[in-house]
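Structure file structure-v3.txt (compact mmCIF, C-alpha atoms) is printed below.
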```
# COMPACT_ATOMS: atom_id res chain seq x y z
CA MET A 1 -83.60 23.85 -41.79
CA LYS A 2 -81.79 25.43 -44.63
CA ILE A 3 -83.72 26.69 -47.63
CA PRO A 4 -81.98 25.99 -50.88
CA LYS A 5 -80.64 29.07 -52.58
CA ARG A 6 -82.58 28.29 -55.76
CA LYS A 7 -85.92 28.25 -53.89
CA LEU A 8 -85.02 31.41 -51.97
CA PHE A 9 -84.21 33.20 -55.20
CA LEU A 10 -87.53 32.10 -56.78
CA LEU A 11 -89.43 33.22 -53.65
CA ILE A 12 -87.89 36.68 -53.85
CA ILE A 13 -88.76 36.93 -57.55
CA PHE A 14 -92.36 35.86 -56.84
CA ALA A 15 -92.71 38.43 -54.02
CA TYR A 16 -91.34 41.20 -56.30
CA VAL A 17 -93.74 40.35 -59.12
CA ALA A 18 -96.71 40.19 -56.73
CA PHE A 19 -95.84 43.59 -55.23
CA SER A 20 -95.43 45.11 -58.71
CA LEU A 21 -98.83 43.85 -59.81
CA TYR A 22 -100.44 45.19 -56.64
CA ALA A 23 -98.84 48.59 -57.15
CA ALA A 24 -99.90 48.69 -60.80
CA TYR A 25 -103.46 47.82 -59.82
CA ASN A 26 -103.61 50.73 -57.35
CA VAL A 27 -102.19 53.18 -59.82
CA PHE A 28 -104.25 52.30 -62.91
CA PHE A 29 -107.44 50.67 -61.69
CA SER A 30 -108.26 52.00 -58.24
CA THR A 31 -111.24 54.46 -58.22
CA LYS A 32 -110.42 55.96 -54.90
CA VAL A 33 -110.07 59.74 -55.02
CA ILE A 34 -107.10 61.09 -53.14
CA SER A 35 -107.18 64.78 -52.27
CA ARG A 36 -104.40 66.90 -50.96
CA VAL A 37 -106.07 66.96 -47.53
CA HIS A 38 -108.30 64.03 -46.67
CA ARG A 39 -110.19 63.88 -43.45
CA VAL A 40 -112.63 61.13 -42.61
CA VAL A 41 -114.82 61.33 -39.59
CA LYS A 42 -116.78 58.18 -38.92
CA LYS A 43 -120.31 58.58 -37.66
CA GLU A 44 -121.16 56.84 -34.46
CA THR A 45 -123.41 53.91 -35.05
CA GLY A 46 -126.95 54.76 -34.05
CA ALA A 47 -126.24 58.48 -33.79
CA PRO A 48 -128.98 60.54 -35.43
CA SER A 49 -128.03 62.12 -38.68
CA GLY A 50 -126.80 65.61 -38.06
CA GLY A 51 -127.18 65.07 -34.31
CA VAL A 52 -124.95 66.31 -31.48
CA ARG A 53 -122.74 64.01 -29.51
CA ASP A 54 -121.30 65.16 -26.17
CA GLY A 55 -122.17 68.74 -27.18
CA VAL A 56 -119.95 68.55 -30.28
CA ALA A 57 -121.40 68.59 -33.80
CA PRO A 58 -119.81 65.90 -35.95
CA PHE A 59 -117.83 66.99 -39.06
CA LEU A 60 -119.81 65.42 -41.88
CA ALA A 61 -117.86 66.50 -45.00
CA ASP A 62 -115.84 63.76 -46.63
CA GLU A 63 -113.42 66.22 -48.30
CA TRP A 64 -112.15 69.70 -47.67
CA ASN A 65 -110.91 71.94 -50.52
CA PRO A 66 -108.89 74.97 -49.44
CA TRP A 67 -109.23 76.49 -52.96
CA GLU A 68 -113.03 76.30 -52.99
CA ASP A 69 -113.56 80.08 -52.47
CA GLU A 70 -111.13 80.95 -55.24
CA GLN A 71 -112.92 78.54 -57.61
CA VAL A 72 -116.28 80.15 -56.83
CA GLU A 73 -114.88 83.62 -57.50
CA TYR A 74 -113.30 82.46 -60.78
CA ASN A 75 -116.54 80.88 -62.01
CA SER A 76 -118.49 83.99 -61.07
CA ALA A 77 -116.07 86.26 -62.97
CA LEU A 78 -116.17 83.90 -65.98
CA ASN A 79 -119.97 83.97 -66.07
CA LYS A 80 -119.95 87.78 -65.93
CA LYS A 81 -117.55 87.92 -68.89
CA ARG A 82 -119.73 85.53 -70.85
CA GLU A 83 -122.83 87.58 -70.14
CA ALA A 84 -121.03 90.82 -71.12
CA PHE A 85 -119.93 89.20 -74.40
CA LYS A 86 -123.51 88.09 -75.16
CA GLN A 87 -124.77 91.61 -74.55
CA HIS A 88 -122.02 93.03 -76.77
CA MET A 89 -122.93 90.67 -79.64
CA ALA A 90 -126.63 91.46 -79.20
CA LYS A 91 -125.83 95.17 -79.44
CA ILE A 92 -123.85 94.59 -82.66
CA ASP A 93 -126.73 92.62 -84.18
CA LYS A 94 -129.19 95.33 -83.17
CA ASN A 95 -127.10 98.12 -84.73
CA LYS A 96 -126.25 96.12 -87.86
CA PRO A 97 -128.16 97.51 -90.88
CA LYS A 98 -131.10 95.27 -91.67
CA ARG A 99 -130.92 93.71 -95.13
CA HIS A 100 -133.89 93.20 -97.42
CA LYS A 101 -134.52 90.76 -100.25
CA VAL A 102 -135.84 91.77 -103.67
CA GLN A 103 -136.34 89.48 -106.66
CA ILE A 104 -136.22 90.69 -110.28
CA TRP A 105 -137.89 88.83 -113.13
CA GLY A 106 -136.46 89.95 -116.47
CA LYS A 107 -139.13 89.34 -119.11
CA ALA A 108 -137.83 92.00 -121.53
CA ALA A 109 -134.37 92.57 -122.99
CA ILE A 110 -133.92 95.82 -121.04
CA GLY A 111 -133.74 93.63 -117.94
CA LEU A 112 -130.20 92.73 -119.00
CA TYR A 113 -129.30 96.42 -119.19
CA LEU A 114 -130.69 96.87 -115.68
CA TRP A 115 -128.88 93.85 -114.27
CA GLU A 116 -125.53 93.79 -116.09
CA HIS A 117 -124.95 97.44 -117.03
CA ILE A 118 -126.65 99.36 -114.19
CA LEU A 119 -126.52 97.01 -111.19
CA GLU A 120 -123.41 95.24 -112.58
CA GLY A 121 -124.64 91.85 -111.43
CA PRO A 122 -123.26 88.46 -112.52
CA LEU A 123 -125.24 85.99 -114.61
CA ASN A 124 -124.92 82.21 -114.73
CA PRO A 125 -124.53 80.55 -117.08
CA THR A 126 -122.62 83.13 -119.10
CA ASP A 127 -124.03 81.77 -122.37
CA LYS A 128 -126.29 84.56 -123.70
CA VAL A 129 -128.69 82.13 -125.38
CA ALA A 130 -129.17 79.92 -122.31
CA GLN A 131 -132.80 79.13 -121.53
CA TRP A 132 -132.43 80.03 -117.85
CA ARG A 133 -129.97 82.54 -116.34
CA GLU A 134 -129.76 83.87 -112.81
CA GLY A 135 -127.58 85.96 -110.51
CA GLU A 136 -127.32 87.64 -107.12
CA LEU A 137 -125.81 90.88 -105.82
CA GLN A 138 -125.95 93.36 -102.95
CA SER A 139 -126.75 97.05 -103.41
CA GLY A 140 -127.31 99.33 -100.44
CA LYS A 141 -129.38 97.41 -97.90
CA ILE A 142 -130.89 95.13 -100.54
CA ASP A 143 -129.95 91.61 -101.62
CA PHE A 144 -131.12 91.33 -105.23
CA SER A 145 -131.70 88.10 -107.11
CA PHE A 146 -132.38 88.03 -110.85
CA TYR A 147 -133.97 85.50 -113.19
CA THR A 148 -134.25 85.76 -116.96
CA GLY A 149 -134.51 83.62 -120.09
CA PRO A 150 -137.25 81.80 -122.05
CA ALA A 151 -137.50 79.08 -119.36
CA VAL A 152 -138.51 81.64 -116.73
CA VAL A 153 -142.25 81.04 -116.92
CA GLN A 154 -145.19 81.84 -114.70
CA GLY A 155 -145.43 79.62 -111.65
CA HIS A 156 -141.98 78.09 -112.09
CA VAL A 157 -139.74 80.79 -110.64
CA PRO A 158 -138.53 80.20 -107.06
CA LEU A 159 -140.05 82.93 -104.89
CA ASP A 160 -138.79 83.14 -101.31
CA MET A 161 -139.34 86.86 -100.77
CA ASN A 162 -142.33 89.20 -100.86
CA THR A 163 -140.87 92.06 -102.92
CA LEU A 164 -140.83 91.73 -106.70
CA VAL A 165 -139.54 93.79 -109.66
CA LEU A 166 -140.97 92.83 -113.03
CA VAL A 167 -139.18 93.98 -116.23
CA LEU A 168 -141.58 94.21 -119.19
CA ASN A 169 -141.84 95.40 -122.79
CA GLY A 170 -144.81 97.62 -123.71
CA ARG A 171 -143.66 99.02 -127.06
CA GLU A 172 -146.31 97.40 -129.25
CA GLN A 173 -149.61 95.55 -128.83
CA GLN A 174 -148.15 92.05 -129.02
CA LYS A 175 -145.66 92.88 -126.27
CA VAL A 176 -148.42 94.53 -124.21
CA SER A 177 -150.52 91.34 -124.35
CA TYR A 178 -147.57 89.25 -123.17
CA SER A 179 -146.76 91.73 -120.37
CA THR A 180 -150.40 91.83 -119.26
CA ARG A 181 -150.40 88.07 -118.68
CA TRP A 182 -147.35 88.41 -116.43
CA LEU A 183 -148.99 91.24 -114.51
CA GLU A 184 -152.13 89.14 -114.00
CA HIS A 185 -149.93 86.37 -112.58
CA VAL A 186 -148.26 88.80 -110.18
CA GLN A 187 -151.62 90.26 -109.18
CA ALA A 188 -152.74 86.76 -108.14
CA LEU A 189 -149.61 86.48 -105.98
CA VAL A 190 -150.48 89.81 -104.34
CA HIS A 191 -154.07 88.69 -103.64
CA SER A 192 -152.78 85.46 -102.08
CA HIS A 193 -150.38 87.51 -99.88
CA THR A 194 -147.38 85.75 -101.42
CA VAL A 195 -146.09 89.11 -102.69
CA SER A 196 -146.50 92.41 -100.82
CA HIS A 197 -144.59 94.94 -102.94
CA VAL A 198 -144.42 95.25 -106.74
CA ALA A 199 -142.32 97.50 -108.99
CA VAL A 200 -142.32 97.46 -112.81
CA VAL A 201 -139.48 98.50 -115.12
CA LEU A 202 -141.18 99.17 -118.45
CA LEU A 203 -139.81 99.66 -121.94
CA GLY A 204 -142.60 102.07 -122.79
CA ASN A 205 -144.20 102.93 -126.08
CA GLU A 206 -142.07 105.27 -128.22
CA HIS A 207 -145.02 107.69 -128.46
CA CYS A 208 -145.47 107.41 -124.66
CA ASN A 209 -148.88 105.76 -125.08
CA ASN A 210 -148.83 103.54 -121.98
CA ASP A 211 -152.46 103.86 -120.88
CA TRP A 212 -152.87 100.07 -120.68
CA ILE A 213 -150.84 99.92 -117.45
CA ALA A 214 -152.39 102.99 -115.79
CA PRO A 215 -155.25 101.11 -114.02
CA LEU A 216 -152.69 98.76 -112.44
CA LEU A 217 -150.82 101.56 -110.65
CA LYS A 218 -151.55 101.76 -106.92
CA ARG A 219 -152.46 105.44 -107.25
CA ASN A 220 -155.33 104.28 -109.49
CA GLY A 221 -156.42 101.44 -107.23
CA GLY A 222 -154.08 98.80 -108.65
CA PHE A 223 -151.23 96.80 -107.10
CA VAL A 224 -148.11 98.25 -108.80
CA ASP A 225 -146.35 100.45 -106.24
CA LEU A 226 -143.57 101.78 -108.47
CA LEU A 227 -143.10 102.30 -112.20
CA PHE A 228 -139.75 102.96 -113.90
CA VAL A 229 -140.57 103.88 -117.51
CA VAL A 230 -138.40 104.54 -120.57
CA TYR A 231 -138.85 107.81 -122.60
CA ASP A 232 -140.04 111.24 -121.48
CA SER A 233 -143.45 110.14 -120.19
CA PRO A 234 -145.70 112.91 -118.80
CA TRP A 235 -146.49 110.54 -115.91
CA VAL A 236 -143.02 110.93 -114.40
CA ASN A 237 -143.32 112.63 -110.98
CA ASP A 238 -140.33 111.14 -109.11
CA LYS A 239 -142.73 109.84 -106.46
CA ASP A 240 -144.19 106.63 -107.82
CA VAL A 241 -143.27 107.01 -111.51
CA PHE A 242 -139.60 107.48 -112.48
CA GLN A 243 -137.88 107.84 -115.84
CA TRP A 244 -135.53 105.01 -116.81
CA PRO A 245 -132.78 104.99 -119.50
CA LEU A 246 -133.27 103.01 -122.70
CA GLY A 247 -129.69 101.70 -122.62
CA VAL A 248 -127.95 99.57 -125.23
CA ALA A 249 -129.63 97.02 -127.51
CA THR A 250 -129.13 93.93 -125.35
CA TYR A 251 -131.68 92.14 -127.55
CA ARG A 252 -129.08 92.42 -130.33
CA GLN A 253 -126.40 91.04 -128.01
CA PHE A 254 -124.63 94.39 -127.57
CA PRO A 255 -122.15 93.68 -124.74
CA LEU A 256 -120.99 95.52 -121.64
CA ILE A 257 -117.77 97.32 -122.71
CA ARG A 258 -115.02 97.72 -120.13
CA PRO A 259 -112.90 100.82 -120.92
CA ASN A 260 -109.18 100.25 -121.37
CA THR A 261 -106.12 102.28 -122.33
CA GLN A 262 -106.39 101.33 -126.01
CA LEU A 263 -110.00 102.49 -126.15
CA ILE A 264 -109.08 105.87 -124.66
CA THR A 265 -105.76 106.71 -126.31
CA SER A 266 -106.03 105.13 -129.77
CA ASN A 267 -105.72 107.31 -132.85
CA ARG A 268 -109.15 106.96 -134.46
CA PRO A 269 -109.05 107.20 -138.27
CA TYR A 270 -112.61 108.51 -138.79
CA LEU A 271 -114.35 111.70 -137.72
CA CYS A 272 -117.82 110.16 -137.46
CA ASN A 273 -120.05 107.18 -138.19
CA PHE A 274 -123.64 106.36 -139.01
CA LEU A 275 -124.80 102.79 -139.62
CA GLY A 276 -128.55 102.43 -139.66
CA THR A 277 -131.90 102.50 -141.42
CA VAL A 278 -132.73 105.52 -143.56
CA TYR A 279 -136.50 106.09 -143.68
CA LYS A 280 -138.16 107.93 -146.54
CA ASN A 281 -138.77 111.64 -145.90
CA SER A 282 -136.93 111.54 -142.58
CA SER A 283 -134.12 113.64 -141.14
CA ARG A 284 -131.90 110.62 -141.80
CA GLU A 285 -132.27 111.28 -145.51
CA THR A 286 -131.18 114.86 -144.82
CA LEU A 287 -128.16 113.58 -142.90
CA MET A 288 -127.00 111.30 -145.71
CA HIS A 289 -127.51 114.10 -148.25
CA VAL A 290 -125.40 116.52 -146.15
CA LEU A 291 -122.57 113.98 -145.85
CA LYS A 292 -122.54 113.31 -149.57
CA GLN A 293 -122.91 116.94 -150.64
CA SER A 294 -120.08 118.07 -148.34
CA GLY A 295 -117.72 115.32 -149.44
CA LEU A 296 -117.60 113.91 -145.91
CA GLU A 297 -118.33 110.30 -146.84
CA THR A 298 -114.62 109.50 -146.92
CA GLU A 299 -114.07 110.90 -143.42
CA CYS A 300 -117.07 109.14 -141.87
CA ILE A 301 -118.04 105.46 -141.80
CA THR A 302 -121.55 105.16 -143.25
CA ALA A 303 -123.75 102.18 -144.06
CA ALA A 304 -127.37 102.95 -144.83
CA ARG A 305 -130.13 100.41 -145.27
CA GLU A 306 -133.72 101.00 -146.32
CA LYS A 307 -135.35 98.44 -144.02
CA TRP A 308 -134.96 98.04 -140.26
CA LEU A 309 -133.53 94.69 -139.18
CA PRO A 310 -134.51 93.48 -135.69
CA GLN A 311 -131.48 91.23 -135.25
CA GLU A 312 -127.77 91.65 -135.82
CA THR A 313 -125.60 88.96 -137.34
CA ALA A 314 -122.21 88.30 -135.76
CA ASP A 315 -120.62 90.06 -138.74
CA SER A 316 -122.88 93.14 -138.68
CA LEU A 317 -122.41 93.53 -134.91
CA ARG A 318 -118.63 93.38 -135.34
CA ARG A 319 -118.71 96.01 -138.10
CA TYR A 320 -120.89 98.28 -135.97
CA GLN A 321 -118.66 97.98 -132.90
CA THR A 322 -115.58 98.62 -135.05
CA ALA A 323 -117.19 101.78 -136.43
CA LEU A 324 -117.88 103.05 -132.89
CA ALA A 325 -114.34 102.28 -131.75
CA GLN A 326 -112.73 104.00 -134.78
CA SER A 327 -114.84 107.19 -134.84
CA GLU A 328 -114.56 110.38 -132.80
CA LEU A 329 -118.29 111.10 -133.17
CA THR A 330 -121.42 108.97 -133.59
CA LEU A 331 -124.30 110.60 -135.48
CA CYS A 332 -127.66 109.98 -133.77
CA PRO A 333 -130.61 111.15 -135.88
CA VAL A 334 -134.12 110.76 -134.47
CA GLY A 335 -136.23 107.71 -135.24
CA ILE A 336 -139.72 107.15 -133.86
CA ASN A 337 -138.33 108.68 -130.65
CA THR A 338 -135.31 110.91 -130.07
CA GLU A 339 -133.85 108.50 -127.51
CA CYS A 340 -132.17 105.57 -129.21
CA TYR A 341 -129.85 102.69 -128.37
CA ARG A 342 -127.12 104.26 -130.50
CA ILE A 343 -126.61 107.05 -127.94
CA TYR A 344 -125.70 104.64 -125.14
CA GLU A 345 -123.69 102.37 -127.43
CA ALA A 346 -121.58 105.33 -128.58
CA CYS A 347 -120.94 106.26 -124.95
CA SER A 348 -119.74 102.71 -124.29
CA TYR A 349 -116.92 103.26 -126.81
CA GLY A 350 -116.12 106.87 -125.96
CA SER A 351 -117.48 108.10 -129.30
CA VAL A 352 -119.29 111.39 -128.64
CA PRO A 353 -123.00 111.25 -129.63
CA VAL A 354 -124.09 114.03 -131.98
CA VAL A 355 -127.79 114.10 -131.09
CA GLU A 356 -130.61 115.58 -133.11
CA ASP A 357 -132.33 117.51 -130.33
CA VAL A 358 -135.84 117.41 -131.79
CA LEU A 359 -139.05 116.29 -130.11
CA THR A 360 -140.79 113.53 -132.07
CA PRO A 361 -144.59 113.22 -132.54
CA GLY A 362 -146.59 111.54 -129.79
CA SER A 363 -147.58 112.00 -126.15
CA CYS A 364 -144.10 112.33 -124.68
CA ALA A 365 -143.51 115.36 -122.48
CA ALA A 366 -142.86 118.64 -124.30
CA GLY A 367 -141.25 120.45 -121.38
CA SER A 368 -138.30 122.77 -121.76
CA SER A 369 -135.80 119.98 -121.10
CA SER A 370 -137.40 117.40 -123.42
CA PRO A 371 -136.41 115.39 -125.30
CA LEU A 372 -133.77 113.36 -123.43
CA ARG A 373 -134.49 115.14 -120.15
CA LEU A 374 -132.98 112.30 -118.09
CA LEU A 375 -129.65 112.49 -119.92
CA LYS A 376 -129.62 116.28 -119.93
CA ALA A 377 -130.34 116.39 -116.19
CA ALA A 378 -127.32 114.15 -115.68
CA GLY A 379 -125.10 116.59 -117.63
CA ALA A 380 -124.52 114.40 -120.69
CA PRO A 381 -121.44 115.73 -122.59
CA PHE A 382 -123.05 115.33 -126.02
CA ILE A 383 -123.19 117.59 -129.06
CA PHE A 384 -126.82 118.67 -129.54
CA ILE A 385 -127.99 120.02 -132.91
CA SER A 386 -131.39 120.98 -134.28
CA ASN A 387 -130.58 120.45 -137.97
CA TRP A 388 -128.09 118.21 -139.76
CA LYS A 389 -127.00 121.17 -141.88
CA GLU A 390 -124.94 122.14 -138.80
CA LEU A 391 -122.81 119.00 -139.24
CA PRO A 392 -120.14 120.35 -141.67
CA ALA A 393 -119.17 123.11 -139.20
CA ILE A 394 -118.97 120.57 -136.38
CA LEU A 395 -116.70 118.29 -138.38
CA GLU A 396 -114.52 121.25 -139.35
CA ARG A 397 -113.90 121.93 -135.66
CA GLU A 398 -113.08 118.24 -135.22
CA ARG A 399 -110.31 118.48 -137.77
CA GLY A 400 -108.70 121.27 -135.76
CA MET A 401 -108.54 119.28 -132.50
CA THR A 402 -105.26 117.77 -131.33
CA GLN A 403 -104.96 114.10 -130.37
CA GLU A 404 -104.44 115.16 -126.76
CA GLN A 405 -107.74 117.08 -126.79
CA ARG A 406 -109.58 114.14 -128.32
CA VAL A 407 -108.17 111.69 -125.78
CA ASP A 408 -109.15 114.00 -122.92
CA ARG A 409 -112.70 114.35 -124.27
CA ARG A 410 -112.96 110.60 -124.75
CA ARG A 411 -111.85 109.99 -121.17
CA ARG A 412 -114.40 112.49 -119.82
CA LEU A 413 -117.22 110.86 -121.81
CA LEU A 414 -116.38 107.38 -120.52
CA GLU A 415 -116.14 108.69 -116.95
CA TRP A 416 -119.50 110.44 -117.31
CA TYR A 417 -121.19 107.31 -118.66
CA SER A 418 -119.82 105.21 -115.79
CA SER A 419 -121.00 107.85 -113.30
CA PHE A 420 -124.44 107.99 -114.96
CA ARG A 421 -124.94 104.26 -114.58
CA GLN A 422 -123.81 104.43 -110.95
CA GLN A 423 -126.34 107.21 -110.33
CA MET A 424 -129.09 105.06 -111.84
CA LYS A 425 -128.05 102.14 -109.63
CA GLU A 426 -128.16 104.26 -106.48
CA ARG A 427 -131.45 105.84 -107.49
CA PHE A 428 -133.10 102.50 -108.24
CA THR A 429 -131.90 101.02 -104.94
CA GLU A 430 -132.83 104.04 -102.82
CA VAL A 431 -136.33 104.35 -104.31
CA ILE A 432 -137.08 100.69 -103.56
CA GLU A 433 -135.64 100.97 -100.04
CA GLU A 434 -137.61 104.14 -99.28
CA THR A 435 -140.88 102.89 -100.75
CA PHE A 436 -140.90 99.31 -99.51
CA PHE A 437 -138.68 99.18 -96.43
CA LYS A 438 -138.67 102.65 -94.84
CA ASN A 439 -140.43 101.30 -91.73
CA GLY A 440 -138.19 98.23 -91.54
```

Give the structure from this file in structure tokens form.
Amino acid sequence: MKIPKRKLFLLIIFAYVAFSLYAAYNVFFSTKVISRVHRVVKKETGAPSGGVRDGVAPFLADEWNPWEDEQVEYNSALNKKREAFKQHMAKIDKNKPKRHKVQIWGKAAIGLYLWEHILEGPLNPTDKVAQWREGELQSGKIDFSFYTGPAVVQGHVPLDMNTLVLVLNGREQQKVSYSTRWLEHVQALVHSHTVSHVAVVLLGNEHCNNDWIAPLLKRNGGFVDLLFVVYDSPWVNDKDVFQWPLGVATYRQFPLIRPNTQLITSNRPYLCNFLGTVYKNSSRETLMHVLKQSGLETECITAAREKWLPQETADSLRRYQTALAQSELTLCPVGINTECYRIYEACSYGSVPVVEDVLTPGSCAAGSSSPLRLLKAAGAPFIFISNWKELPAILERERGMTQEQRVDRRRRLLEWYSSFRQQMKERFTEVIEETFFKNG
């Protein structure tokens, strides 16, 4: 019987499609594992598992892998490398210098000098009148954080570390009362074991009468481990009490000045400047008399006022900074204390301080290097005088200096002031590390 060609053709097509589907199924959907070498040994029905048949042990493995030994060796070597890497990283972590956390609460204006001028830390927001400002920096092995502003109040400052530096003002009784309340708050934190170490940076009394804080020092049974105090206090021993620089008047918004070429090389039109309060029967009266009598008022920028003003206006601050930037020398007569903001502000502009080297009344140290023993020990390149009658001779020498000599002196003063602040930064950091973390 003949099969029609049409049916034969359809049969062939059907067989081809069926075979293709079968092949596709085996390729894409079959779960059977095919190894390079596949041996299957069927167990005899009823034979005990692992038994012996006719003296021959059955081969029970379903698959045989000829690369199995190499895989074992590779995995072993890989595990050894991983373990060696872990040990290496552990050694790095062990040898890495341990870092410590210290928090600073700035409740006095000198806290800004500590943070921005000495430690050179950032502050956010940058607005100087912001209610809350904060910043972070690293110095040595310490991670410092800083909080300042009117909104920084007791019990509302985040405290996630047990070492605290408190910056306070102890110049007058009202400031002492405010500072005492902060110290009482910190003492409660110490008693509750929230804080373990406490240091205080204190704007001390200008007569060095700081007896109010003495009972709080650890040496006297208190909780304050370290004290950094402004002015030549007789307490300074470089063990638990250290002298600290007064710095610039940050409370009057005096800024951090970054030296530039113009500041160093400019041709300054004035020999000297003095803008300040002239008290009755003071050496400042003598200074103004010497300037007038010697006809030096035209060569020096002077602006005397009879009453001290606690705050600068934007205009008065600009005039003062202009006077510093345009004068070769800045005259620094004593006030209640020999150390004054003017000294540091003159250094900021490369205007050499002419300092009245006279010890003022009070309890400040009267050693051979006082007053200004901290600055003298650091080799301050100032002009020291004991009487303002020496000023005309000093200014006469100034007239004889070349511009090149003045520029060189200006550069050296700015370099010294930068080095001085760096020394204070290192000293502050090292003292805290040694006192609080020497066993860590």

- Message: Please compute the atom CA of A:Glu415-atom CA of A:Thr402 distance, one decimal, in Å.
- Response: 20.2 Å

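Of the listed residues A:Gly121, A:Lys218, A:Asn210, A:Lys101, the one whose atoms come nearest to A:Asp160 is A:Lys101, with distances taken using only C-alpha atoms.
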
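Between A:Tyr349 and the residues A:Leu374, A:Ala366, A:Val248, A:Cys300, the shortest atom-to-atom distance, using all atoms listed in the file, involves A:Val248.
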
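Within the 8 Å cut-off around A:Pro269, using only C-alpha atoms and omitting residues fewer than 2 positions from it on the same chain, the listed residues are A:Asn267, A:Leu271, A:Gln326, A:Ser327.
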
- Select, from A:Pro381, A:Gly222, A:Pro245, A:Pro150, the residue with the minimum atom-to-atom distance to A:Gln423, counting all atoms listed in the file.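 Once distances to A:Gln423 are computed over all atoms listed in the file, the minimum belongs to A:Pro245.
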
- Message: One decimal, in Å: what's the spacing between atom CA of A:Thr148 and atom CA of A:Lys175?
- Response: 16.4 Å

- From the set A:Phe254, A:Phe85, A:Trp105, A:Tyr344, which residue has the shortest atom-to-atom contact distance to A:Ser316, counting all atoms listed in the file?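 Answer, going by the shortest atom-to-atom distance: A:Phe254.
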
- Task: Rank nothing, just name the residue among A:Val431, A:Cys347, A:Ile13, A:Val278 nearest to A:Val241, using only C-alpha atoms.
- Result: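 Distance minimum relative to A:Val241 lands on A:Val431.
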
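The smallest atom-to-atom distance between A:Leu291 and any of A:Met161, A:Cys332, A:Ala77, A:Leu395, using all atoms listed in the file, is found for A:Leu395.
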
- So how far away is atom CA of A:Gln154 from atom CA of A:Asp225, in Å? 20.5 Å

- Message: Distance cut-off 12 Å, centre (-143.7, 96.6, -123.1) in file coordinates, counting only C-alpha atoms: which residues qualify? Return them as a PyMOL selection string.
- Response: chain A and resi 106-111+166-183+200-206+208-213+228-230
